[in-house]
file upload34.txt (compact mmCIF, C-alpha atoms and all ligand atoms)
# COMPACT_ATOMS: atom_id res chain seq x y z
CA MET W 1 99.72 106.52 130.74
CA SER W 2 96.59 104.41 130.95
CA VAL W 3 96.81 100.80 129.75
CA ARG W 4 99.69 98.36 129.75
CA PRO W 5 99.60 95.71 127.04
CA THR W 6 102.31 93.05 127.38
CA SER W 7 101.82 91.15 124.13
CA ARG W 8 100.83 91.79 120.54
CA ARG W 9 97.43 90.28 121.22
CA GLU W 10 96.83 92.57 124.20
CA PHE W 11 97.97 95.57 122.21
CA LEU W 12 95.49 94.73 119.48
CA GLN W 13 92.67 94.07 121.92
CA LEU W 14 93.25 97.44 123.55
CA SER W 15 93.43 99.20 120.20
CA ALA W 16 90.31 97.40 119.04
CA ALA W 17 88.42 98.33 122.17
CA ALA W 18 89.39 101.96 121.71
CA SER W 19 88.17 101.92 118.11
CA LEU W 20 85.09 99.80 118.60
CA ALA W 21 82.64 102.66 118.68
CA ALA W 22 83.87 103.92 115.34
CA TRP W 23 83.96 100.44 113.79
CA SER W 24 80.51 99.44 114.92
CA THR W 25 78.93 102.24 112.93
CA ASN W 26 81.00 101.56 109.86
CA GLY W 27 79.42 100.32 106.64
CA ARG W 28 81.30 98.97 103.63
CA ALA W 29 81.23 100.92 100.40
CA ARG W 30 80.12 98.69 97.55
CA GLY W 31 80.98 100.41 94.29
CA ALA W 32 82.91 98.94 91.36
CA SER W 33 86.56 98.10 91.96
CA SER W 34 89.28 100.02 90.18
CA LEU W 35 91.94 98.19 88.23
CA ALA W 36 94.21 101.04 87.28
CA ALA W 37 97.23 99.05 88.46
CA PRO W 38 100.57 99.53 86.74
CA PRO W 39 102.97 96.62 86.43
CA PHE W 40 105.08 96.57 89.60
CA ALA W 41 107.93 94.28 88.70
CA SER W 42 110.27 93.27 85.98
CA ALA W 43 108.85 90.99 83.31
CA SER W 44 111.37 88.26 84.07
CA ALA W 45 111.10 86.17 87.23
CA SER W 46 114.78 85.29 86.91
CA LEU W 47 116.05 88.77 87.74
CA ALA W 48 117.46 89.50 91.20
CA PRO W 49 115.05 90.98 93.77
CA ALA W 50 116.88 94.30 93.49
CA ALA W 51 114.97 94.66 90.21
CA LEU W 52 111.76 95.13 92.21
CA GLU W 53 109.84 98.20 91.16
CA ARG W 54 110.30 101.33 93.24
CA ARG W 55 107.30 103.58 93.74
CA LYS W 56 107.06 107.23 94.64
CA PHE W 57 105.90 107.49 98.25
CA GLY W 58 103.07 110.00 97.92
CA LYS W 59 104.21 113.61 97.87
CA THR W 60 107.42 112.82 99.76
CA ASP W 61 110.91 112.63 98.26
CA MET W 62 111.10 108.88 98.91
CA GLN W 63 111.15 106.15 96.27
CA VAL W 64 110.25 102.89 97.98
CA ALA W 65 110.84 99.31 96.85
CA VAL W 66 107.38 97.76 96.66
CA LEU W 67 108.34 95.06 99.21
CA GLY W 68 109.41 96.45 102.60
CA PHE W 69 109.95 94.90 106.02
CA GLY W 70 107.49 94.89 108.93
CA GLY W 71 109.17 94.85 112.33
CA ALA W 72 106.39 93.57 114.60
CA GLU W 73 107.17 89.86 114.20
CA ILE W 74 110.82 90.13 115.26
CA GLY W 75 109.73 92.05 118.35
CA PHE W 76 106.78 89.98 119.53
CA GLU W 77 108.39 86.67 118.60
CA LYS W 78 111.55 87.79 120.45
CA THR W 79 113.80 86.86 117.52
CA ASP W 80 117.42 86.80 118.65
CA PRO W 81 119.53 89.81 117.62
CA ALA W 82 121.93 87.71 115.51
CA THR W 83 119.02 86.42 113.39
CA VAL W 84 117.62 89.93 113.01
CA ALA W 85 121.04 91.15 111.87
CA LYS W 86 121.32 88.35 109.33
CA LEU W 87 117.77 88.93 108.08
CA LEU W 88 118.02 92.70 107.68
CA ASN W 89 121.52 92.82 106.22
CA ALA W 90 120.66 90.14 103.65
CA ALA W 91 117.47 91.99 102.71
CA LEU W 92 119.28 95.34 102.36
CA ASP W 93 121.87 93.63 100.15
CA ALA W 94 119.00 92.30 98.01
CA GLY W 95 117.17 95.62 97.53
CA LEU W 96 115.09 96.32 100.65
CA ASN W 97 114.80 100.04 101.37
CA VAL W 98 111.85 100.41 103.79
CA VAL W 99 112.00 99.22 107.40
CA ASP W 100 108.88 99.75 109.52
CA THR W 101 108.67 99.27 113.28
CA ALA W 102 107.12 100.79 116.42
CA GLU W 103 108.23 101.76 119.88
CA CYS W 104 105.92 99.20 121.46
CA TYR W 105 107.06 96.15 119.46
CA LEU W 106 109.10 95.06 122.48
CA ASP W 107 112.79 95.14 121.40
CA SER W 108 112.17 95.55 117.66
CA GLU W 109 113.55 99.10 117.46
CA VAL W 110 116.63 98.18 119.50
CA ALA W 111 117.32 95.11 117.35
CA ILE W 112 116.94 97.12 114.14
CA GLY W 113 119.21 99.89 115.41
CA ALA W 114 121.86 97.35 116.43
CA ALA W 115 121.58 95.36 113.21
CA ILE W 116 121.59 98.09 110.56
CA GLY W 117 122.09 101.41 112.34
CA ALA W 118 125.49 101.62 110.65
CA ARG W 119 123.81 101.34 107.20
CA ARG W 120 121.25 104.06 107.95
CA LYS W 121 121.69 105.85 104.60
CA GLU W 122 120.56 102.72 102.71
CA TYR W 123 116.96 102.58 103.95
CA HIS W 124 113.93 104.67 104.77
CA LEU W 125 113.12 104.23 108.44
CA PHE W 126 109.48 104.28 109.58
CA THR W 127 108.33 103.92 113.18
CA LYS W 128 105.22 104.54 115.28
CA CYS W 129 104.58 106.35 118.52
CA GLY W 130 101.94 106.59 121.22
CA HIS W 131 101.94 102.98 122.40
CA THR W 132 105.05 103.36 124.46
CA ASN W 133 107.69 101.03 125.81
CA VAL W 134 109.62 102.68 128.61
CA ASP W 135 112.07 100.53 130.57
CA GLY W 136 110.02 97.48 129.68
CA LYS W 137 106.80 99.12 130.92
CA ARG W 138 104.27 99.65 128.20
CA GLY W 139 101.23 101.89 127.93
CA GLU W 140 99.53 104.60 125.88
CA ASP W 141 100.23 108.30 125.90
CA TRP W 142 98.57 110.53 123.29
CA THR W 143 99.47 113.85 124.88
CA LYS W 144 101.68 116.26 122.93
CA GLU W 145 104.53 115.71 125.42
CA GLY W 146 104.00 111.96 125.38
CA VAL W 147 104.26 111.79 121.59
CA LEU W 148 107.41 113.93 121.58
CA ALA W 149 109.02 111.77 124.28
CA SER W 150 108.15 108.62 122.32
CA VAL W 151 109.91 110.02 119.24
CA GLU W 152 112.99 110.89 121.30
CA ARG W 153 113.20 107.34 122.64
CA SER W 154 112.82 105.92 119.12
CA LEU W 155 115.72 108.05 117.85
CA LYS W 156 117.99 106.56 120.50
CA ARG W 157 116.79 102.99 120.12
CA LEU W 158 117.08 103.13 116.34
CA LYS W 159 120.55 104.73 116.52
CA THR W 160 119.70 107.60 114.20
CA ASP W 161 119.53 111.41 114.19
CA VAL W 162 116.38 111.56 112.11
CA ILE W 163 113.53 109.19 111.33
CA ASP W 164 111.98 109.33 107.86
CA LEU W 165 108.40 108.76 109.00
CA VAL W 166 106.78 108.64 112.44
CA GLN W 167 103.18 107.43 112.56
CA LEU W 168 100.54 107.68 115.28
CA HIS W 169 100.11 104.05 116.29
CA SER W 170 96.41 103.35 115.83
CA CYS W 171 95.04 105.85 118.31
CA SER W 172 91.25 106.15 118.45
CA LEU W 173 89.12 108.62 116.54
CA ASP W 174 88.52 110.46 119.82
CA GLU W 175 92.25 110.99 120.31
CA LEU W 176 92.66 112.14 116.72
CA LYS W 177 89.82 114.63 117.17
CA LYS W 178 91.29 115.92 120.43
CA GLY W 179 94.32 116.77 118.32
CA ALA W 180 97.11 116.82 120.93
CA CYS W 181 98.80 113.74 119.44
CA ILE W 182 98.77 115.30 115.97
CA GLU W 183 100.23 118.54 117.33
CA GLY W 184 103.00 116.56 119.04
CA LEU W 185 103.86 114.83 115.80
CA GLU W 186 103.78 118.09 113.83
CA LEU W 187 106.17 119.60 116.37
CA ALA W 188 108.53 116.61 116.03
CA LYS W 189 108.55 117.25 112.28
CA LYS W 190 109.19 120.97 112.77
CA GLN W 191 112.08 120.13 115.12
CA GLY W 192 113.65 117.92 112.43
CA LYS W 193 113.26 114.68 114.39
CA THR W 194 111.13 113.11 111.69
CA ARG W 195 110.96 114.15 108.05
CA TYR W 196 107.33 113.07 107.56
CA ILE W 197 104.34 112.15 109.71
CA GLY W 198 101.60 109.59 109.25
CA TYR W 199 98.65 107.74 110.75
CA SER W 200 98.61 103.97 111.13
CA GLY W 201 95.14 102.52 111.57
CA ASP W 202 92.00 101.31 109.93
CA SER W 203 88.42 101.70 108.82
CA THR W 204 86.54 104.93 109.52
CA THR W 205 89.33 106.23 111.77
CA ALA W 206 91.80 105.91 108.90
CA LYS W 207 89.29 107.70 106.67
CA TRP W 208 89.12 110.58 109.15
CA ALA W 209 92.92 110.75 109.26
CA VAL W 210 93.09 110.95 105.47
CA GLU W 211 90.34 113.56 105.26
CA SER W 212 92.05 115.70 107.92
CA GLY W 213 94.87 116.55 105.51
CA ARG W 214 97.34 116.59 108.44
CA PHE W 215 99.35 113.49 107.47
CA ASP W 216 101.87 112.64 104.75
CA SER W 217 101.05 108.93 104.83
CA LEU W 218 98.61 106.23 105.84
CA GLN W 219 99.46 102.72 107.02
CA THR W 220 96.42 100.45 106.87
CA SER W 221 95.50 96.75 106.59
CA ILE W 222 95.08 95.65 102.98
CA ASN W 223 94.98 92.02 101.93
CA VAL W 224 92.84 89.27 100.42
CA ALA W 225 91.04 88.81 103.77
CA ASP W 226 90.80 92.53 104.62
CA GLN W 227 89.47 94.58 101.73
CA GLU W 228 87.31 97.25 103.39
CA CYS W 229 89.83 100.03 102.79
CA ILE W 230 89.97 99.43 99.03
CA GLU W 231 86.85 101.50 98.51
CA LEU W 232 86.49 103.23 101.88
CA VAL W 233 89.93 104.84 102.15
CA LEU W 234 92.34 104.16 99.28
CA PRO W 235 90.73 106.35 96.58
CA LEU W 236 90.80 109.38 98.88
CA ALA W 237 94.37 108.69 100.03
CA LYS W 238 95.41 108.44 96.39
CA GLU W 239 93.61 111.66 95.50
CA LYS W 240 95.45 113.41 98.34
CA GLN W 241 98.75 111.93 97.13
CA MET W 242 99.53 110.27 100.43
CA GLY W 243 102.12 107.57 100.77
CA VAL W 244 100.20 104.33 101.45
CA ILE W 245 101.78 101.47 103.41
CA ALA W 246 99.96 98.12 103.30
CA LYS W 247 100.19 96.45 106.71
CA ARG W 248 99.34 92.77 107.29
CA PRO W 249 99.73 92.55 103.49
CA ILE W 250 100.00 88.77 103.24
CA ALA W 251 96.96 88.23 105.52
CA ASN W 252 99.28 86.77 108.18
CA ALA W 253 99.62 83.76 105.82
CA ALA W 254 96.62 82.42 107.75
CA TRP W 255 95.93 79.68 105.16
CA ARG W 256 98.93 77.75 106.56
CA TYR W 257 96.93 76.56 109.57
CA ASP W 258 94.99 73.30 109.24
CA ALA W 259 92.79 74.29 112.18
CA LYS W 260 91.99 77.46 114.09
CA PRO W 261 95.40 78.96 114.96
CA GLU W 262 96.48 79.15 118.58
CA ASN W 263 97.95 82.55 117.77
CA GLY W 264 94.88 84.72 118.34
CA TYR W 265 96.35 87.48 116.19
CA HIS W 266 96.06 85.21 113.12
CA GLU W 267 92.61 83.91 113.98
CA THR W 268 90.42 86.57 112.37
CA TYR W 269 91.93 86.17 108.92
CA TRP W 270 91.91 82.36 109.27
CA GLN W 271 88.17 82.51 110.04
CA ARG W 272 87.53 84.82 107.10
CA LEU W 273 89.48 82.56 104.73
CA GLN W 274 87.27 79.62 105.79
CA THR W 275 84.29 81.62 104.54
CA LEU W 276 85.96 83.11 101.47
CA GLU W 277 87.13 79.67 100.27
CA TYR W 278 89.55 80.95 97.67
CA ALA W 279 90.54 77.91 95.58
CA TRP W 280 94.23 78.92 95.68
CA ALA W 281 94.26 79.14 99.51
CA LYS W 282 92.67 75.84 100.54
CA GLY W 283 93.48 72.13 100.48
CA ASP W 284 96.68 71.11 98.74
CA ALA W 285 96.87 74.47 96.93
CA ARG W 286 98.11 75.90 100.23
CA LYS W 287 101.42 74.08 99.73
CA ASN W 288 102.18 75.80 96.41
CA GLU W 289 105.18 78.08 96.98
CA GLY W 290 105.26 79.34 93.39
CA VAL W 291 104.04 82.56 91.79
CA ASP W 292 100.46 81.25 91.66
CA GLY W 293 100.52 79.90 95.23
CA PRO W 294 98.81 81.62 98.18
CA ALA W 295 101.75 83.75 99.38
CA ALA W 296 102.45 85.17 95.93
CA THR W 297 98.76 85.59 95.10
CA ALA W 298 98.14 87.46 98.36
CA MET W 299 101.11 89.81 97.93
CA ARG W 300 100.47 90.42 94.23
CA PHE W 301 96.83 91.27 95.03
CA THR W 302 97.80 93.80 97.70
CA ALA W 303 100.52 95.40 95.57
CA MET W 304 98.12 96.11 92.71
CA GLN W 305 95.57 98.06 94.76
CA PRO W 306 95.47 101.67 93.55
CA GLY W 307 97.58 104.00 95.67
CA VAL W 308 99.53 101.28 97.51
CA CYS W 309 103.24 102.15 97.65
CA VAL W 310 104.82 99.46 99.81
CA LEU W 311 103.94 96.12 101.46
CA ILE W 312 105.60 95.65 104.85
CA VAL W 313 105.51 91.86 105.22
CA GLY W 314 106.56 90.67 108.67
CA THR W 315 108.93 87.75 109.12
CA THR W 316 111.43 86.22 111.52
CA LYS W 317 113.20 84.21 108.81
CA PRO W 318 116.47 85.42 107.26
CA GLU W 319 115.68 84.03 103.80
CA ARG W 320 112.07 85.25 103.60
CA TRP W 321 112.48 88.76 102.23
CA LYS W 322 114.43 87.57 99.20
CA GLN W 323 111.98 84.71 98.56
CA ASN W 324 109.01 87.06 98.72
CA ALA W 325 110.72 89.63 96.51
CA ALA W 326 111.29 86.94 93.90
CA LEU W 327 107.59 85.94 94.08
CA MET W 328 106.51 89.53 93.57
CA GLU W 329 108.50 89.78 90.39
CA ALA W 330 105.63 87.95 88.70
CA GLY W 331 103.85 91.32 88.75
CA PRO W 332 100.12 92.05 89.05
CA LEU W 333 97.66 89.15 89.11
CA PRO W 334 95.78 88.39 85.90
CA LYS W 335 92.73 90.67 85.77
CA GLU W 336 90.28 87.75 85.97
CA LEU W 337 91.84 86.42 89.18
CA HIS W 338 91.99 89.88 90.75
CA ASP W 339 88.35 90.52 89.87
CA ALA W 340 87.32 87.11 91.21
CA ILE W 341 88.98 87.86 94.58
CA ARG W 342 87.20 91.21 94.76
CA ALA W 343 83.85 89.68 93.74
CA ARG W 344 84.16 86.87 96.28
CA TRP W 345 84.89 89.40 99.02
CA LYS W 346 81.90 91.53 98.08
CA ALA W 347 79.63 88.48 98.09
CA ALA W 348 80.91 86.98 101.36
CA ALA W 349 82.07 89.85 103.60
CA LYS W 350 79.98 90.29 106.72
CA PRO W 351 79.16 93.71 108.19
CA ASP W 352 81.76 93.27 110.94
CA TRP W 353 84.58 92.44 108.49
CA THR W 354 86.13 95.84 109.03
CA GLY W 355 89.82 96.71 108.71
CA GLN W 356 91.80 94.84 111.38
CA THR W 357 94.21 96.80 113.53
N1 LIG T 1 98.47 98.95 114.09
C1 LIG T 1 99.52 98.91 113.32
O1 LIG T 1 100.12 99.93 113.04
C2 LIG T 1 99.99 97.59 112.77
C3 LIG T 1 99.26 96.43 112.99
C4 LIG T 1 99.69 95.24 112.41
C5 LIG T 1 100.85 95.23 111.64
N2 LIG T 1 101.56 96.39 111.46
C6 LIG T 1 102.81 96.40 110.65
O2 LIG T 1 102.63 95.57 109.50
C7 LIG T 1 103.67 94.60 109.46
C8 LIG T 1 103.18 93.35 108.79
O3 LIG T 1 102.10 92.80 109.51
P1 LIG T 1 102.13 91.34 110.13
O4 LIG T 1 103.53 90.89 110.33
O5 LIG T 1 101.20 91.35 111.27
O6 LIG T 1 101.38 90.49 109.01
P2 LIG T 1 101.80 89.87 107.58
O7 LIG T 1 102.99 90.57 107.04
O8 LIG T 1 100.56 89.82 106.76
O9 LIG T 1 102.16 88.38 107.97
C9 LIG T 1 103.37 88.02 108.54
C10 LIG T 1 103.40 86.49 108.66
O10 LIG T 1 103.43 85.93 107.33
C11 LIG T 1 104.40 84.91 107.28
N3 LIG T 1 104.95 84.89 105.93
C12 LIG T 1 105.62 85.88 105.27
N4 LIG T 1 105.93 85.49 104.03
C13 LIG T 1 105.47 84.23 103.88
C14 LIG T 1 105.48 83.29 102.83
N5 LIG T 1 106.04 83.54 101.65
N6 LIG T 1 104.90 82.07 103.03
C15 LIG T 1 104.32 81.77 104.22
N7 LIG T 1 104.27 82.62 105.26
C16 LIG T 1 104.84 83.84 105.10
C17 LIG T 1 105.43 85.26 108.32
O11 LIG T 1 106.00 84.06 108.82
P3 LIG T 1 107.56 83.73 108.71
O12 LIG T 1 108.20 84.26 109.94
O13 LIG T 1 107.55 82.25 108.60
O14 LIG T 1 108.10 84.39 107.45
C18 LIG T 1 104.61 85.97 109.39
O15 LIG T 1 104.17 85.06 110.38
C19 LIG T 1 104.08 94.44 110.92
O16 LIG T 1 105.34 93.84 111.05
C20 LIG T 1 104.02 95.86 111.38
O17 LIG T 1 105.19 96.56 110.98
C21 LIG T 1 101.13 97.56 111.99

call {"tool": "encode", "arguments": {"input": "upload34.txt", "output": "structure tokens", "more": "lines below"}}
Ligand SMILES: NC(=O)c1ccc[n+]([C@@H]2O[C@H](COP(=O)([O-])OP(=O)(O)OC[C@H]3O[C@@H](n4cnc5c(N)ncnc54)[C@H](OP(=O)(O)O)[C@@H]3O)[C@@H](O)[C@H]2O)c1
result
Amino acid sequence: MSVRPTSRREFLQLSAAASLAAWSTNGRARGASSLAAPPFASASASLAPAALERRKFGKTDMQVAVLGFGGAEIGFEKTDPATVAKLLNAALDAGLNVVDTAECYLDSEVAIGAAIGARRKEYHLFTKCGHTNVDGKRGEDWTKEGVLASVERSLKRLKTDVIDLVQLHSCSLDELKKGACIEGLELAKKQGKTRYIGYSGDSTTAKWAVESGRFDSLQTSINVADQECIELVLPLAKEKQMGVIAKRPIANAAWRYDAKPENGYHETYWQRLQTLEYAWAKGDARKNEGVDGPAATAMRFTAMQPGVCVLIVGTTKPERWKQNAALMEAGPLPKELHDAIRARWKAAAKPDWTGQT
């Protein structure tokens, strides 16, 4: 155990520091964008969210609803267990079938286990290991034994006998190359503790993980303010038939802040949006909650990137999942708008606009 982050911001700073060497040498690919995006929702916006398209999750046996649930917010925002129970049960009733969390998201795993452990057969359960959370003490452990112990703790906290997918939680390229953490995860799979294994991370480290051929899935940042992976990683992940999970898929809704957000975790995307100046994400357009407003535009953009299987939007609000599912029923963005977002990114992105952990 080496470092002990106590907040989401610290966790990210530590992860970023570990990956800095890899990121600093990274360059963005600048080829043409692909638009081979199938429709992902019903034609009618009046249908219930349960009508959301389900996608095959890579080479696995899972069919995932295109809108999932990201469990970091409920952990780091310390959402009370009753609200988590209301949120998750309502979402499951409305068609949610992917719940993603991590051992280090404070009490997120415990809250999820308590809220919906009894409905375990109704959802695919994804978690992450390596950034540990033992008796309230947090740190990193990428040894084979450390990874296995992390998986064991997750099984208990999530109240389940088997997890569908355990992902290495953004370890550095050095740790991936050392290989012990991958061996630990492979052993957990062999022992039947997790059905599939994945890597969660970004930029050139994510590319290495995909190229290694050792993982069933990749979780990576994909959104209107974080597009590096669209050419750097997604085509290869698609070619290798990996399940792809879009994290931070709504760009932390960073347009909602009038000024630089106090929440440092949302600051990078807010800064990027100031430069990108998308017409639909500035001024009064930010208040549009419809299918052409910023939230829907951001999610629809992410969902139409080739290879993406599921968007795990984070929220602490019980009504949010259903609202977002309804917005996504509008389907892919018009081609012109999609292409304009890609073109603006290519024109404005700075060399350090790499995938954000
Ligand atoms: N290294 C890693 O592996 C890693 C890193 C980051 C994230 N993740 C995973 O990815 C998940 C998602 O990432 P994230 O939560 O950081 O980012 P995100 O999903 O892009 O953004 C979540 C934020 O968007 C807001 N939001 C959602 N829908 C909205 C809407 N329709 N209108 C306005 N605001 C809306 C939520 O606020 P409300 O509470 O108001 O809904 C929340 O503050 C995490 O929960 C986690 O599972 C993994």

call {"tool": "residues_near_ligand", "arguments": {"input": "upload34.txt", "ligand": "ligand LIG 1 (chain T)", "cutoff": "7 Å", "atoms": "all atoms listed in the file", "output": "MDAnalysis selection string"}}
result
chainID W and resid 69:73 100:101 169:170 200:201 219 247:253 295:296 312:317 320 323:324 357

call {"tool": "residues_around", "arguments": {"input": "upload34.txt", "residues": "Ile182 (chain W)", "least_positions_apart": "4", "cutoff": "12 Å", "atoms": "only C-alpha atoms", "output": "JSON, numbers by chain"}}
result
{"W": [129, 130, 142, 143, 144, 145, 146, 147, 148, 166, 167, 168, 169, 171, 173, 174, 175, 176, 177, 178, 186, 187, 188, 189, 197, 198, 199, 209, 212, 213, 214, 215, 216]}

call {"tool": "residues_around", "arguments": {"input": "upload34.txt", "residues": "Gly243 (chain W)", "least_positions_apart": "5", "cutoff": "8 Å", "atoms": "all atoms listed in the file", "output": "ChimeraX atom specification"}}
result
/W:56-60,216-218,237,307-309

call {"tool": "closest_residue", "arguments": {"input": "upload34.txt", "among": "W:Glu152, W:Asp258, W:Asp202, W:Asp141", "to": "Gly355 (chain W)", "atoms": "only C-alpha atoms"}}
result
W:Asp202

call {"tool": "residues_around", "arguments": {"input": "upload34.txt", "residues": "Gly293 (chain W)", "least_positions_apart": "6", "cutoff": "10 Å", "atoms": "all atoms listed in the file", "output": "list of chain:residue names"}}
result
W:Trp280, W:Ala281, W:Ala285, W:Arg286, W:Lys287, W:Leu327

call {"tool": "atom_distance", "arguments": {"input": "upload34.txt", "atom1": "CA of Arg54 (chain W)", "atom2": "CA of Ala90 (chain W)"}}
result
18.5 Å

call {"tool": "atom_distance", "arguments": {"input": "upload34.txt", "atom1": "CA of Lys207 (chain W)", "atom2": "CA of Gln191 (chain W)"}}
result
27.3 Å

call {"tool": "residues_around", "arguments": {"input": "upload34.txt", "residues": "region 156-162 of chain W", "least_positions_apart": "4", "cutoff": "10 Å", "atoms": "all atoms listed in the file", "output": "list in words"}}
result
Thr101, Glu103, Asp107, Ser108, Glu109, Val110, Ala111, Ile112, Gly113, Ala114, Ala115, Ile116, Gly117, Ala118, Arg120, Lys121, Leu125, Thr127, Val151, Glu152, Lys189, Gly192, Lys193, Thr194 and Arg195 of chain W

call {"tool": "closest_residue", "arguments": {"input": "upload34.txt", "among": "W:Leu155, W:Ala180, W:Val210, W:Leu106", "to": "Val233 (chain W)", "atoms": "only C-alpha atoms"}}
result
W:Val210

call {"tool": "atom_distance", "arguments": {"input": "upload34.txt", "atom1": "CA of Asn288 (chain W)", "atom2": "CA of Gly75 (chain W)"}}
result
28.3 Å

call {"tool": "residues_around", "arguments": {"input": "upload34.txt", "residues": "Ile222 (chain W)", "least_positions_apart": "4", "cutoff": "6 Å", "atoms": "only C-alpha atoms", "output": "PyMOL selection string"}}
result
chain W and resi 226-227+246+249
